[in-house]
Every structure is written in C-alpha cells, then in structure tokens.
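Undergrad: Next comes coords.tsv, TSV, C-alpha atoms:
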```tsv
chain	number	residue	atom	x	y	z
M	1	MET	CA	-59.23	95.05	-29.32
M	2	LEU	CA	-58.13	93.47	-26.06
M	3	ILE	CA	-55.62	90.61	-26.20
M	4	VAL	CA	-54.52	88.53	-23.22
M	5	PHE	CA	-51.38	86.36	-23.26
M	6	THR	CA	-51.31	84.25	-20.12
M	7	GLY	CA	-50.20	80.81	-18.86
M	8	ASN	CA	-47.04	79.43	-17.28
M	9	GLY	CA	-45.04	78.95	-20.49
M	10	LYS	CA	-42.48	81.07	-22.30
M	11	GLY	CA	-43.75	83.36	-25.05
M	12	LYS	CA	-46.17	85.83	-23.48
M	13	THR	CA	-44.00	88.97	-23.50
M	14	THR	CA	-42.20	87.79	-26.63
M	15	ALA	CA	-45.54	87.38	-28.45
M	16	ALA	CA	-46.44	90.92	-27.37
M	17	LEU	CA	-43.09	92.13	-28.73
M	18	GLY	CA	-43.81	90.29	-31.98
M	19	CYS	CA	-47.14	92.14	-32.19
M	20	ALA	CA	-45.17	95.34	-31.55
M	21	MET	CA	-42.86	94.55	-34.46
M	22	ARG	CA	-45.81	93.92	-36.78
M	23	ALA	CA	-47.60	97.05	-35.61
M	24	LEU	CA	-44.44	99.14	-36.11
M	25	GLY	CA	-44.16	97.63	-39.58
M	26	GLN	CA	-47.69	98.79	-40.33
M	27	GLY	CA	-46.76	102.32	-39.23
M	28	LYS	CA	-48.47	102.14	-35.85
M	29	ARG	CA	-47.20	103.60	-32.57
M	30	VAL	CA	-46.43	101.19	-29.77
M	31	LEU	CA	-45.99	101.71	-26.03
M	32	MET	CA	-44.98	98.99	-23.59
M	33	ILE	CA	-45.31	99.57	-19.86
M	34	GLN	CA	-43.55	96.92	-17.77
M	35	PHE	CA	-45.44	96.32	-14.52
M	36	ILE	CA	-43.11	93.83	-12.90
M	37	LYS	CA	-39.72	93.81	-14.53
M	38	GLY	CA	-37.33	96.36	-13.15
M	39	ASN	CA	-35.00	98.89	-14.63
M	40	TRP	CA	-32.50	96.57	-16.28
M	41	GLU	CA	-31.69	96.57	-19.94
M	42	SER	CA	-33.36	93.76	-21.83
M	43	GLY	CA	-32.96	92.75	-25.46
M	44	GLU	CA	-36.06	94.72	-26.42
M	45	GLN	CA	-34.71	97.88	-24.81
M	46	LYS	CA	-31.38	97.52	-26.55
M	47	PHE	CA	-33.26	96.87	-29.76
M	48	LEU	CA	-35.26	100.03	-29.25
M	49	LYS	CA	-32.03	101.98	-28.83
M	50	ARG	CA	-30.69	100.57	-32.07
M	51	PHE	CA	-33.99	101.22	-33.83
M	52	SER	CA	-34.14	104.77	-32.58
M	53	GLY	CA	-30.37	105.27	-32.82
M	54	CYS	CA	-30.30	104.46	-36.50
M	55	ALA	CA	-32.48	107.45	-37.29
M	56	ARG	CA	-30.75	109.86	-39.67
M	57	SER	CA	-31.23	113.06	-37.71
M	58	ARG	CA	-32.40	114.34	-34.36
M	59	GLU	CA	-35.72	115.05	-36.06
M	60	ALA	CA	-36.02	111.50	-37.34
M	61	ARG	CA	-34.96	110.13	-33.97
M	62	LYS	CA	-37.78	112.08	-32.39
M	63	ILE	CA	-40.21	110.37	-34.74
M	64	TYR	CA	-38.83	106.94	-33.87
M	65	ASP	CA	-39.03	107.75	-30.18
M	66	LEU	CA	-42.66	108.63	-30.68
M	67	ARG	CA	-43.30	105.34	-32.46
M	68	PHE	CA	-41.96	102.81	-29.96
M	69	LYS	CA	-41.36	103.29	-26.28
M	70	ILE	CA	-40.75	100.89	-23.40
M	71	ILE	CA	-41.22	102.16	-19.86
M	72	PRO	CA	-39.92	99.88	-17.08
M	73	ALA	CA	-42.28	100.87	-14.27
M	74	GLY	CA	-41.98	97.80	-12.02
M	75	LYS	CA	-39.58	97.11	-9.20
M	76	GLY	CA	-38.24	93.72	-10.28
M	77	PHE	CA	-39.76	90.32	-9.63
M	78	VAL	CA	-42.02	90.11	-6.61
M	79	GLY	CA	-41.46	87.64	-3.82
M	80	ILE	CA	-38.90	85.47	-5.58
M	81	SER	CA	-35.19	84.90	-4.96
M	82	GLY	CA	-33.30	88.07	-4.07
M	83	ASP	CA	-36.41	90.26	-3.78
M	84	LYS	CA	-35.77	92.39	-0.70
M	85	ILE	CA	-38.14	95.18	-1.67
M	86	PRO	CA	-41.13	95.55	0.69
M	87	LEU	CA	-44.53	94.69	-0.82
M	88	SER	CA	-45.70	98.26	-0.22
M	89	VAL	CA	-43.00	99.53	-2.62
M	90	HIS	CA	-44.02	97.00	-5.28
M	91	LYS	CA	-47.62	98.09	-4.76
M	92	LYS	CA	-46.79	101.77	-5.15
M	93	ALA	CA	-44.80	101.04	-8.32
M	94	ALA	CA	-47.66	99.01	-9.81
M	95	GLU	CA	-50.18	101.71	-8.90
M	96	ASN	CA	-48.02	104.33	-10.59
M	97	ALA	CA	-47.66	102.09	-13.64
M	98	LEU	CA	-51.46	101.81	-13.82
M	99	LYS	CA	-51.81	105.59	-13.59
M	100	LEU	CA	-49.33	105.91	-16.44
M	101	ALA	CA	-51.24	103.27	-18.42
M	102	LYS	CA	-54.49	105.17	-17.96
M	103	LYS	CA	-52.90	108.45	-19.03
M	104	SER	CA	-51.29	106.79	-22.06
M	105	ILE	CA	-54.52	105.08	-23.14
M	106	PHE	CA	-56.39	108.35	-23.12
M	107	SER	CA	-53.55	110.38	-24.66
M	108	LYS	CA	-54.39	108.93	-28.11
M	109	LYS	CA	-50.65	108.97	-28.80
M	110	TRP	CA	-50.49	105.18	-29.13
M	111	ASP	CA	-52.16	102.60	-31.38
M	112	LEU	CA	-50.97	99.58	-29.42
M	113	ILE	CA	-50.34	99.58	-25.69
M	114	ILE	CA	-48.74	96.54	-24.06
M	115	LEU	CA	-49.26	96.27	-20.31
M	116	ASP	CA	-46.53	93.77	-19.63
M	117	GLU	CA	-46.91	91.46	-16.60
M	118	ILE	CA	-50.04	93.34	-15.52
M	119	ASN	CA	-51.80	89.98	-15.05
M	120	VAL	CA	-49.25	89.11	-12.38
M	121	ALA	CA	-49.56	92.53	-10.73
M	122	ALA	CA	-53.33	92.05	-10.54
M	123	ASP	CA	-53.05	88.43	-9.39
M	124	LEU	CA	-50.68	89.51	-6.58
M	125	LYS	CA	-53.20	92.23	-5.65
M	126	LEU	CA	-50.63	94.99	-6.24
M	127	ILE	CA	-53.42	96.61	-8.24
M	128	LYS	CA	-57.13	95.86	-8.50
M	129	ALA	CA	-58.16	93.81	-11.56
M	130	SER	CA	-61.53	95.60	-11.56
M	131	GLU	CA	-59.73	98.97	-11.69
M	132	VAL	CA	-57.67	97.81	-14.70
M	133	LEU	CA	-60.76	96.58	-16.51
M	134	LYS	CA	-62.61	99.83	-15.83
M	135	ILE	CA	-59.82	101.76	-17.57
M	136	ILE	CA	-59.73	99.34	-20.51
M	137	LYS	CA	-63.51	99.44	-20.95
M	138	SER	CA	-63.45	103.22	-21.26
M	139	ALA	CA	-60.48	103.27	-23.69
M	140	PRO	CA	-60.89	105.27	-26.91
M	141	LYS	CA	-62.04	103.21	-29.89
M	142	GLY	CA	-59.40	101.79	-32.25
M	143	ILE	CA	-56.72	101.32	-29.63
M	144	ASP	CA	-55.31	97.80	-29.18
M	145	ILE	CA	-54.29	96.68	-25.71
M	146	ILE	CA	-52.29	93.57	-24.82
M	147	LEU	CA	-52.16	92.25	-21.27
M	148	THR	CA	-49.40	89.76	-20.48
M	149	GLY	CA	-48.40	87.62	-17.52
M	150	ARG	CA	-49.36	84.33	-15.96
M	151	SER	CA	-52.50	83.90	-13.83
M	152	ALA	CA	-54.64	86.43	-15.74
M	153	PRO	CA	-57.70	87.41	-13.65
M	154	LYS	CA	-60.90	85.80	-14.94
M	155	ILE	CA	-62.53	89.16	-15.58
M	156	PHE	CA	-59.71	90.01	-18.06
M	157	ILE	CA	-60.29	86.76	-19.93
M	158	LYS	CA	-64.04	87.26	-19.96
M	159	TYR	CA	-63.80	90.77	-21.47
M	160	ALA	CA	-60.93	90.08	-23.90
M	161	ASP	CA	-61.39	89.54	-27.65
M	162	LEU	CA	-58.44	87.18	-27.96
M	163	VAL	CA	-56.87	85.03	-25.26
M	164	THR	CA	-54.00	82.59	-25.63
M	165	GLU	CA	-52.70	80.42	-22.84
M	166	MET	CA	-48.96	79.83	-23.21
M	167	LYS	CA	-48.62	76.41	-21.65
M	168	GLU	CA	-45.22	75.15	-20.60
M	169	ILE	CA	-44.51	71.75	-22.10
M	170	LYS	CA	-40.76	71.88	-21.57
M	171	HIS	CA	-38.37	74.53	-20.26
M	172	PRO	CA	-34.59	74.40	-19.74
M	173	PHE	CA	-35.09	76.04	-16.30
M	174	GLN	CA	-36.64	72.70	-15.33
M	175	LYS	CA	-33.16	71.25	-15.75
M	176	GLY	CA	-31.53	74.25	-14.04
M	177	ALA	CA	-30.16	75.96	-17.17
M	178	PRO	CA	-29.51	79.71	-16.84
M	179	ALA	CA	-31.55	82.36	-18.71
M	180	LYS	CA	-30.19	82.87	-22.19
M	181	ILE	CA	-29.21	86.29	-23.60
M	182	GLY	CA	-31.30	87.30	-26.60
M	183	ILE	CA	-33.92	84.65	-25.92
M	184	GLU	CA	-35.09	85.11	-22.35
M	185	PHE	CA	-34.23	88.82	-22.17
P	1	MET	CA	-30.91	75.63	-28.29
P	2	LEU	CA	-34.07	74.33	-29.94
P	3	ILE	CA	-37.34	76.07	-29.19
P	4	VAL	CA	-40.77	74.88	-30.36
P	5	PHE	CA	-43.85	77.11	-30.35
P	6	THR	CA	-46.89	75.01	-31.17
P	7	GLY	CA	-50.62	74.73	-30.36
P	8	ASN	CA	-53.79	76.09	-31.95
P	9	GLY	CA	-53.69	79.57	-30.40
P	10	LYS	CA	-52.38	82.92	-31.61
P	11	GLY	CA	-48.84	83.86	-30.64
P	12	LYS	CA	-46.50	81.27	-32.14
P	13	THR	CA	-45.01	83.31	-34.98
P	14	THR	CA	-45.38	86.52	-32.96
P	15	ALA	CA	-43.41	84.98	-30.07
P	16	ALA	CA	-40.71	83.99	-32.56
P	17	LEU	CA	-40.67	87.58	-33.86
P	18	GLY	CA	-40.38	88.82	-30.27
P	19	CYS	CA	-37.35	86.55	-29.83
P	20	ALA	CA	-36.02	88.03	-33.07
P	21	MET	CA	-36.40	91.54	-31.66
P	22	ARG	CA	-34.56	90.60	-28.47
P	23	ALA	CA	-31.82	88.82	-30.39
P	24	LEU	CA	-31.39	91.83	-32.71
P	25	GLY	CA	-31.19	94.02	-29.60
P	26	GLN	CA	-28.37	91.84	-28.29
P	27	GLY	CA	-26.53	92.26	-31.59
P	28	LYS	CA	-27.37	88.84	-32.99
P	29	ARG	CA	-28.20	87.98	-36.59
P	30	VAL	CA	-31.66	86.60	-37.30
P	31	LEU	CA	-33.06	84.71	-40.27
P	32	MET	CA	-36.69	83.70	-40.64
P	33	ILE	CA	-37.72	81.22	-43.33
P	34	GLN	CA	-41.48	81.01	-43.85
P	35	PHE	CA	-42.51	77.48	-44.81
P	36	ILE	CA	-46.21	78.02	-45.37
P	37	LYS	CA	-47.06	81.66	-45.75
P	38	GLY	CA	-46.71	82.96	-49.27
P	39	ASN	CA	-45.13	85.97	-50.86
P	40	TRP	CA	-47.35	88.71	-49.42
P	41	GLU	CA	-46.12	91.58	-47.35
P	42	SER	CA	-46.76	91.14	-43.65
P	43	GLY	CA	-46.15	93.56	-40.79
P	44	GLU	CA	-42.81	91.95	-40.03
P	45	GLN	CA	-41.65	92.36	-43.61
P	46	LYS	CA	-42.68	96.00	-43.67
P	47	PHE	CA	-40.94	96.42	-40.34
P	48	LEU	CA	-37.79	94.90	-41.75
P	49	LYS	CA	-37.89	97.38	-44.62
P	50	ARG	CA	-38.20	100.27	-42.18
P	51	PHE	CA	-35.45	98.84	-39.98
P	52	SER	CA	-33.14	98.35	-42.93
P	53	GLY	CA	-34.36	101.51	-44.69
P	54	CYS	CA	-33.45	103.74	-41.78
P	55	ALA	CA	-29.77	102.86	-42.15
P	56	ARG	CA	-27.64	105.92	-42.79
P	57	SER	CA	-25.77	104.69	-45.84
P	58	ARG	CA	-25.70	101.85	-48.35
P	59	GLU	CA	-22.91	100.37	-46.24
P	60	ALA	CA	-25.01	100.54	-43.08
P	61	ARG	CA	-28.01	99.15	-44.93
P	62	LYS	CA	-25.90	96.17	-45.97
P	63	ILE	CA	-25.13	95.53	-42.30
P	64	TYR	CA	-28.80	95.71	-41.38
P	65	ASP	CA	-29.68	93.36	-44.23
P	66	LEU	CA	-27.13	90.92	-42.88
P	67	ARG	CA	-28.64	91.15	-39.42
P	68	PHE	CA	-32.30	90.38	-40.08
P	69	LYS	CA	-33.80	88.65	-43.06
P	70	ILE	CA	-37.20	87.10	-43.77
P	71	ILE	CA	-37.53	84.69	-46.68
P	72	PRO	CA	-41.08	83.74	-47.67
P	73	ALA	CA	-40.49	80.29	-49.13
P	74	GLY	CA	-43.98	78.81	-48.85
P	75	LYS	CA	-46.84	78.89	-51.33
P	76	GLY	CA	-49.62	80.23	-49.12
P	77	PHE	CA	-51.88	78.27	-46.82
P	78	VAL	CA	-52.34	74.62	-47.69
P	79	GLY	CA	-55.74	73.08	-48.29
P	80	ILE	CA	-57.85	75.90	-46.89
P	81	SER	CA	-60.19	78.39	-48.56
P	82	GLY	CA	-58.92	79.66	-51.88
P	83	ASP	CA	-55.96	77.28	-52.10
P	84	LYS	CA	-55.92	76.13	-55.73
P	85	ILE	CA	-52.24	75.18	-55.76
P	86	PRO	CA	-51.62	71.43	-56.26
P	87	LEU	CA	-50.13	69.61	-53.27
P	88	SER	CA	-47.07	68.71	-55.34
P	89	VAL	CA	-46.26	72.42	-55.71
P	90	HIS	CA	-46.64	72.98	-51.95
P	91	LYS	CA	-44.39	69.98	-51.41
P	92	LYS	CA	-41.73	71.27	-53.78
P	93	ALA	CA	-41.80	74.69	-52.09
P	94	ALA	CA	-41.46	73.15	-48.61
P	95	GLU	CA	-38.61	70.92	-49.78
P	96	ASN	CA	-36.79	73.92	-51.21
P	97	ALA	CA	-37.39	75.82	-47.98
P	98	LEU	CA	-35.82	72.94	-46.05
P	99	LYS	CA	-32.81	72.94	-48.37
P	100	LEU	CA	-32.45	76.66	-47.74
P	101	ALA	CA	-32.79	76.10	-44.00
P	102	LYS	CA	-30.04	73.47	-44.07
P	103	LYS	CA	-27.73	75.72	-46.06
P	104	SER	CA	-28.43	78.67	-43.73
P	105	ILE	CA	-27.86	76.62	-40.57
P	106	PHE	CA	-24.46	75.50	-41.79
P	107	SER	CA	-23.49	78.89	-43.23
P	108	LYS	CA	-22.74	80.19	-39.70
P	109	LYS	CA	-24.09	83.54	-40.88
P	110	TRP	CA	-26.98	83.45	-38.39
P	111	ASP	CA	-27.27	83.26	-34.62
P	112	LEU	CA	-31.02	82.66	-34.57
P	113	ILE	CA	-32.93	80.86	-37.32
P	114	ILE	CA	-36.72	80.78	-37.21
P	115	LEU	CA	-38.32	78.05	-39.32
P	116	ASP	CA	-41.82	79.48	-39.41
P	117	GLU	CA	-44.75	77.06	-39.82
P	118	ILE	CA	-42.33	74.17	-40.34
P	119	ASN	CA	-44.38	72.13	-37.83
P	120	VAL	CA	-47.36	72.40	-40.16
P	121	ALA	CA	-45.28	71.51	-43.22
P	122	ALA	CA	-44.04	68.38	-41.42
P	123	ASP	CA	-47.50	67.53	-40.08
P	124	LEU	CA	-48.93	67.76	-43.62
P	125	LYS	CA	-46.08	65.51	-44.83
P	126	LEU	CA	-44.82	68.18	-47.23
P	127	ILE	CA	-41.43	67.43	-45.69
P	128	LYS	CA	-40.23	64.60	-43.45
P	129	ALA	CA	-40.05	65.43	-39.75
P	130	SER	CA	-37.14	62.99	-39.38
P	131	GLU	CA	-35.26	64.85	-42.13
P	132	VAL	CA	-35.79	68.18	-40.33
P	133	LEU	CA	-34.57	66.74	-37.05
P	134	LYS	CA	-31.50	65.23	-38.68
P	135	ILE	CA	-30.49	68.69	-39.92
P	136	ILE	CA	-31.15	70.29	-36.54
P	137	LYS	CA	-29.18	67.62	-34.68
P	138	SER	CA	-26.13	68.27	-36.81
P	139	ALA	CA	-26.37	72.10	-36.53
P	140	PRO	CA	-23.22	73.97	-35.43
P	141	LYS	CA	-23.03	74.68	-31.69
P	142	GLY	CA	-24.29	78.02	-30.42
P	143	ILE	CA	-27.01	78.47	-33.02
P	144	ASP	CA	-30.57	78.92	-31.76
P	145	ILE	CA	-33.41	77.46	-33.80
P	146	ILE	CA	-37.12	78.15	-33.35
P	147	LEU	CA	-39.76	75.93	-34.95
P	148	THR	CA	-43.29	77.32	-35.14
P	149	GLY	CA	-46.67	76.05	-36.22
P	150	ARG	CA	-49.51	73.99	-34.81
P	151	SER	CA	-49.35	70.17	-34.60
P	152	ALA	CA	-45.59	69.94	-33.97
P	153	PRO	CA	-44.37	66.38	-34.63
P	154	LYS	CA	-43.63	64.50	-31.40
P	155	ILE	CA	-39.98	63.98	-32.33
P	156	PHE	CA	-39.51	67.79	-32.44
P	157	ILE	CA	-40.98	68.13	-28.95
P	158	LYS	CA	-38.90	65.27	-27.62
P	159	TYR	CA	-35.62	66.76	-28.87
P	160	ALA	CA	-36.38	70.44	-28.09
P	161	ASP	CA	-34.96	72.31	-25.08
P	162	LEU	CA	-37.99	74.55	-24.71
P	163	VAL	CA	-41.57	73.90	-25.85
P	164	THR	CA	-44.59	76.11	-25.34
P	165	GLU	CA	-48.09	75.17	-26.42
P	166	MET	CA	-50.05	78.26	-27.42
P	167	LYS	CA	-53.56	77.21	-26.51
P	168	GLU	CA	-56.52	79.08	-27.91
P	169	ILE	CA	-58.85	80.19	-25.14
P	170	LYS	CA	-60.66	82.82	-27.18
P	171	HIS	CA	-60.23	84.17	-30.71
P	172	PRO	CA	-62.26	86.79	-32.60
P	173	PHE	CA	-62.25	84.47	-35.66
P	174	GLN	CA	-64.59	82.30	-33.58
P	175	LYS	CA	-67.11	85.10	-33.94
P	176	GLY	CA	-66.21	85.65	-37.61
P	177	ALA	CA	-64.16	88.83	-37.19
P	178	PRO	CA	-61.66	89.55	-40.00
P	179	ALA	CA	-57.86	89.41	-39.50
P	180	LYS	CA	-56.56	92.67	-38.10
P	181	ILE	CA	-53.73	94.68	-39.68
P	182	GLY	CA	-50.69	94.99	-37.43
P	183	ILE	CA	-51.89	92.23	-35.12
P	184	GLU	CA	-52.58	89.17	-37.24
P	185	PHE	CA	-50.12	90.12	-40.00
```
Would you mind writing the file out in structure tokens?
TA:
Amino acid sequence: MLIVFTGNGKGKTTAALGCAMRALGQGKRVLMIQFIKGNWESGEQKFLKRFSGCARSREARKIYDLRFKIIPAGKGFVGISGDKIPLSVHKKAAENALKLAKKSIFSKKWDLIILDEINVAADLKLIKASEVLKIIKSAPKGIDIILTGRSAPKIFIKYADLVTEMKEIKHPFQKGAPAKIGIEF
Amino acid sequence: MLIVFTGNGKGKTTAALGCAMRALGQGKRVLMIQFIKGNWESGEQKFLKRFSGCARSREARKIYDLRFKIIPAGKGFVGISGDKIPLSVHKKAAENALKLAKKSIFSKKWDLIILDEINVAADLKLIKASEVLKIIKSAPKGIDIILTGRSAPKIFIKYADLVTEMKEIKHPFQKGAPAKIGIEF
C-alpha cells in the first residue's frame, strides 16, 4: 500500500509517525528515512531512544532496534535561511538516501517504510520522481510505504492508494511564533 | 497552544499520535481521550501496552503509565452502519468524556491532551462546542491541546493557534477496500 501525505500544512510527518506508532503496536517493523531533515535530534528520535532504552536486556534492545529505526539521511533544509550547503551536496545526500530506501525496501526487514520529505526532494529535483516510483512499483508485496512532504509529484499521487493533502488553515509561524518543542520537532 | 486537525481525509488522529510520540520523546506527559471511538483495541492502545509493558519494574511501569494514557470514552461510531446505540447514550458518553477532559486539563498532570474526534461530537451536537471552548479558554498556561475530527466547529478554528485541514485526495475505501491493520487502526 502506498500512502502520500502532502500539502503545505502541519501534520504530514506527524501523521506518518502516528502510523508508525500504530504499526509498532500491531507488532510491525518500521523504518523512517529522512530525506531532507539533517542530523539533529528530534522528538521522534529521542522517543526512539526511550523506547529502545527501556528494553530489559541487550537482547531485548536488539529486538527493539530491529522494530523501529529512524535514519536522518538529509543535509538539513534546502535553500532556506541558513542553508550554506551547495546543492550538489544536497543532491548527493538525497541520492544516497534513495539508494538506502531501495535496499531497505528489498531487504524484507521492514513492514512499513516512511520516506520522509521525499516529495520535497523529488520536487527540488534532488532525485528523479520517476526513479522513486520505479523502486516503489517493484517493491515486494505486503510492504507499506509512506511518502511525505509538500509538493508531491503528480506521478506519486496517481500511483498511490491513499493521498491526503494537509492544507494549512492557520499556523503560528504566520504570526512569527517560534517552533515548539515536542510539537514541531 | 491549541491545535485543530480537521477535514475529511486520513491523518487527523494519526497526526495527533505523531505529536504524542514527539512529546513523549521530549519527556512530556500525554493523555488522549477518545470521544467517538469505542472500547476496542487499536494499534495505539497495543503500542501503549508494549511501551508500558517494557518497563523494567512495577515502579518504572507506573512512570510510563503516568506518561501516556489513552481513554476510550466514546460509544463507537455514531449513526453509521451497525450503530444500534440510541443517540441519548452517545450523548451521555460524550458529556462524560468532556467532564473527564475538563478534569484532566485542570489536573496539571498532562502536558499534551488530545481530545480525539471531539470535533465530530460537537458537530453532531452530542456536546456543545461553546462549552468545549469555554473549558479550553480557561486551561492552565503551558498545556497543549489537540482537537481532532472532521467538521470542526468554526469557533474552534477561530480560537486555535494552528489548524490543518486533512483533505482527502484519494482513499482505498473509495474503491471498497477494507480498513488495514496497523494503518487505519
């Protein structure tokens, strides 16, 4: 099943994380690859540490680590305030993330794979949308894939089973409020 | 901070659960009260059991139980297939859920309170939207509240800091596919 969460509103990555929570609850194994966000520690990563850290033994911890993993593969936000990384570096990072996604999809180690912000990476032409879709189309049966990020390429929407547009009606950033810990990250 | 996730698309409750995951990661305490869904075991409830169950000791489990709680207060879906419960019973359940919400908001035991499907309960007039807003307006400072459900009353949207409309672009139910374990529940 292919799910796309797109649109300019808040709730795309969080909805994917909510799916992750449900899937984990049902005993499934969840991998999230972050295509855009960089190597900083977000609420979900801290959560993962707690979740994995509360395992009774090294053995149990191993099992938790196999159940839920977040890999920050991106190089931070592209082209917005403070981004001094050349586009070629962003491109390389996104290409490597896609390679990792492909490997993970075919590894059969995961029941749900979240490709976070991949819509943006494709929209910015860091990776080819057609290349992404080719990988998804050849994915083993039974695997669920969620694509998040604004400006989802049309070919993703056309192929997907479920698409929700998260539309911004109101956002505190509009009034200049800072990002809030535990809500925005 | 008041957040509203509304609209006819998938991702409202899941986005709230994603916020819960982030908040838990940041060490916050999260309560979810379900206004419409009944007493059946969803992915998030199973997850909670695992999360709490993996605590090392009874003492640790107590701490986990204090950190994340889901209370199914509703009586199942209202007025759709298979609903044989009289409206008065739905109303009573929603009113009790609101009482519980009020008590929880003022208890200062929670940093994030999710009132799941409360928009629907208000839209169906099971509870008064103005009553809900009155409670929210008088909430202690620093508490975050998320309201989910389609057809959010306008007064919720007007007062909220952040509102996202989850708009259905495509859904497998359109083609008659059944709900999927670990994704839909």
Undergrad: So which residues touch segment 90-102 of chain M within 12 Å, counting all atoms listed in the file, skipping near sequence neighbours fewer than 5 positions away, as a PyMOL selection string?
TA: chain M and resi 31-39+70-79+83-85+107-110+112-129+131-140+145-147
Undergrad: Report as a ChimeraX atom specification all protein, DNA and RNA residues lying within 9 Å of Leu24 of chain P, evaluated on all atoms listed in the file, omitting residues in the same chain fewer than 5 positions from it.
TA: /M:43-44,46-47,50,182 /P:19,29-30,67-68
Undergrad: Could you jot down the atom CA of Asn8 of chain P to atom CA of Phe156 of chain M separation for me, Å, one decimal place?
TA: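 Here the two named atoms are 20.5 Å from each other.
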Undergrad: Counting only C-alpha atoms, collect the residues of chain P whose closest atom lies at most 6 Å from chain M, and write them out as a CSV table (one decimal) with C-alpha atoms, in the coordinates of the input.
TA:
```csv
chain,number,residue,atom,x,y,z
P,9,GLY,CA,-53.7,79.6,-30.4
P,11,GLY,CA,-48.8,83.9,-30.6
P,14,THR,CA,-45.4,86.5,-33.0
P,15,ALA,CA,-43.4,85.0,-30.1
P,17,LEU,CA,-40.7,87.6,-33.9
P,18,GLY,CA,-40.4,88.8,-30.3
P,19,CYS,CA,-37.4,86.6,-29.8
P,22,ARG,CA,-34.6,90.6,-28.5
P,23,ALA,CA,-31.8,88.8,-30.4
P,25,GLY,CA,-31.2,94.0,-29.6
P,26,GLN,CA,-28.4,91.8,-28.3
P,43,GLY,CA,-46.2,93.6,-40.8
P,44,GLU,CA,-42.8,92.0,-40.0
P,46,LYS,CA,-42.7,96.0,-43.7
P,47,PHE,CA,-40.9,96.4,-40.3
P,54,CYS,CA,-33.4,103.7,-41.8
P,55,ALA,CA,-29.8,102.9,-42.2
P,56,ARG,CA,-27.6,105.9,-42.8
P,161,ASP,CA,-35.0,72.3,-25.1
P,162,LEU,CA,-38.0,74.6,-24.7
P,163,VAL,CA,-41.6,73.9,-25.8
P,164,THR,CA,-44.6,76.1,-25.3
P,165,GLU,CA,-48.1,75.2,-26.4
P,166,MET,CA,-50.0,78.3,-27.4
P,167,LYS,CA,-53.6,77.2,-26.5
P,168,GLU,CA,-56.5,79.1,-27.9
P,169,ILE,CA,-58.8,80.2,-25.1
P,170,LYS,CA,-60.7,82.8,-27.2
P,171,HIS,CA,-60.2,84.2,-30.7
P,172,PRO,CA,-62.3,86.8,-32.6
P,182,GLY,CA,-50.7,95.0,-37.4
P,183,ILE,CA,-51.9,92.2,-35.1
```
Undergrad: Using atom CA of Leu2 of chain P and atom CA of Ile105 of chain P as the two end points, give the distance in Å to one decimal.
TA: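 Value for the atom CA of Leu2 of chain P-atom CA of Ile105 of chain P distance: 12.5 Å.
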Undergrad: When distances are computed from all atoms listed in the file, which of P:Gly142, P:Pro86, P:Ile155, P:Ser104 shows the smallest separation from Ser130 of chain P?
TA: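 So, comparing all the options, the nearest one is P:Ile155.
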Undergrad: Around all the atoms of segment 17-33 of chain P listed in the file, with 3 Å of room on each side, what axis-aligned box do you get, giving centre and edge lengths in Å to one decimal, as lines of an AutoDock Vina configuration file?
TA:
```
center_x = -33.6
center_y = 87.6
center_z = -35.8
size_x = 20.1
size_y = 18.8
size_z = 21.0
```
Undergrad: In Å, rounded to a single decimal, give me how far atom CA of Lys141 of chain M is from atom CA of Phe106 of chain M.
TA: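 Answer for the atom CA of Phe106 of chain M to atom CA of Lys141 of chain M separation: 10.2 Å.
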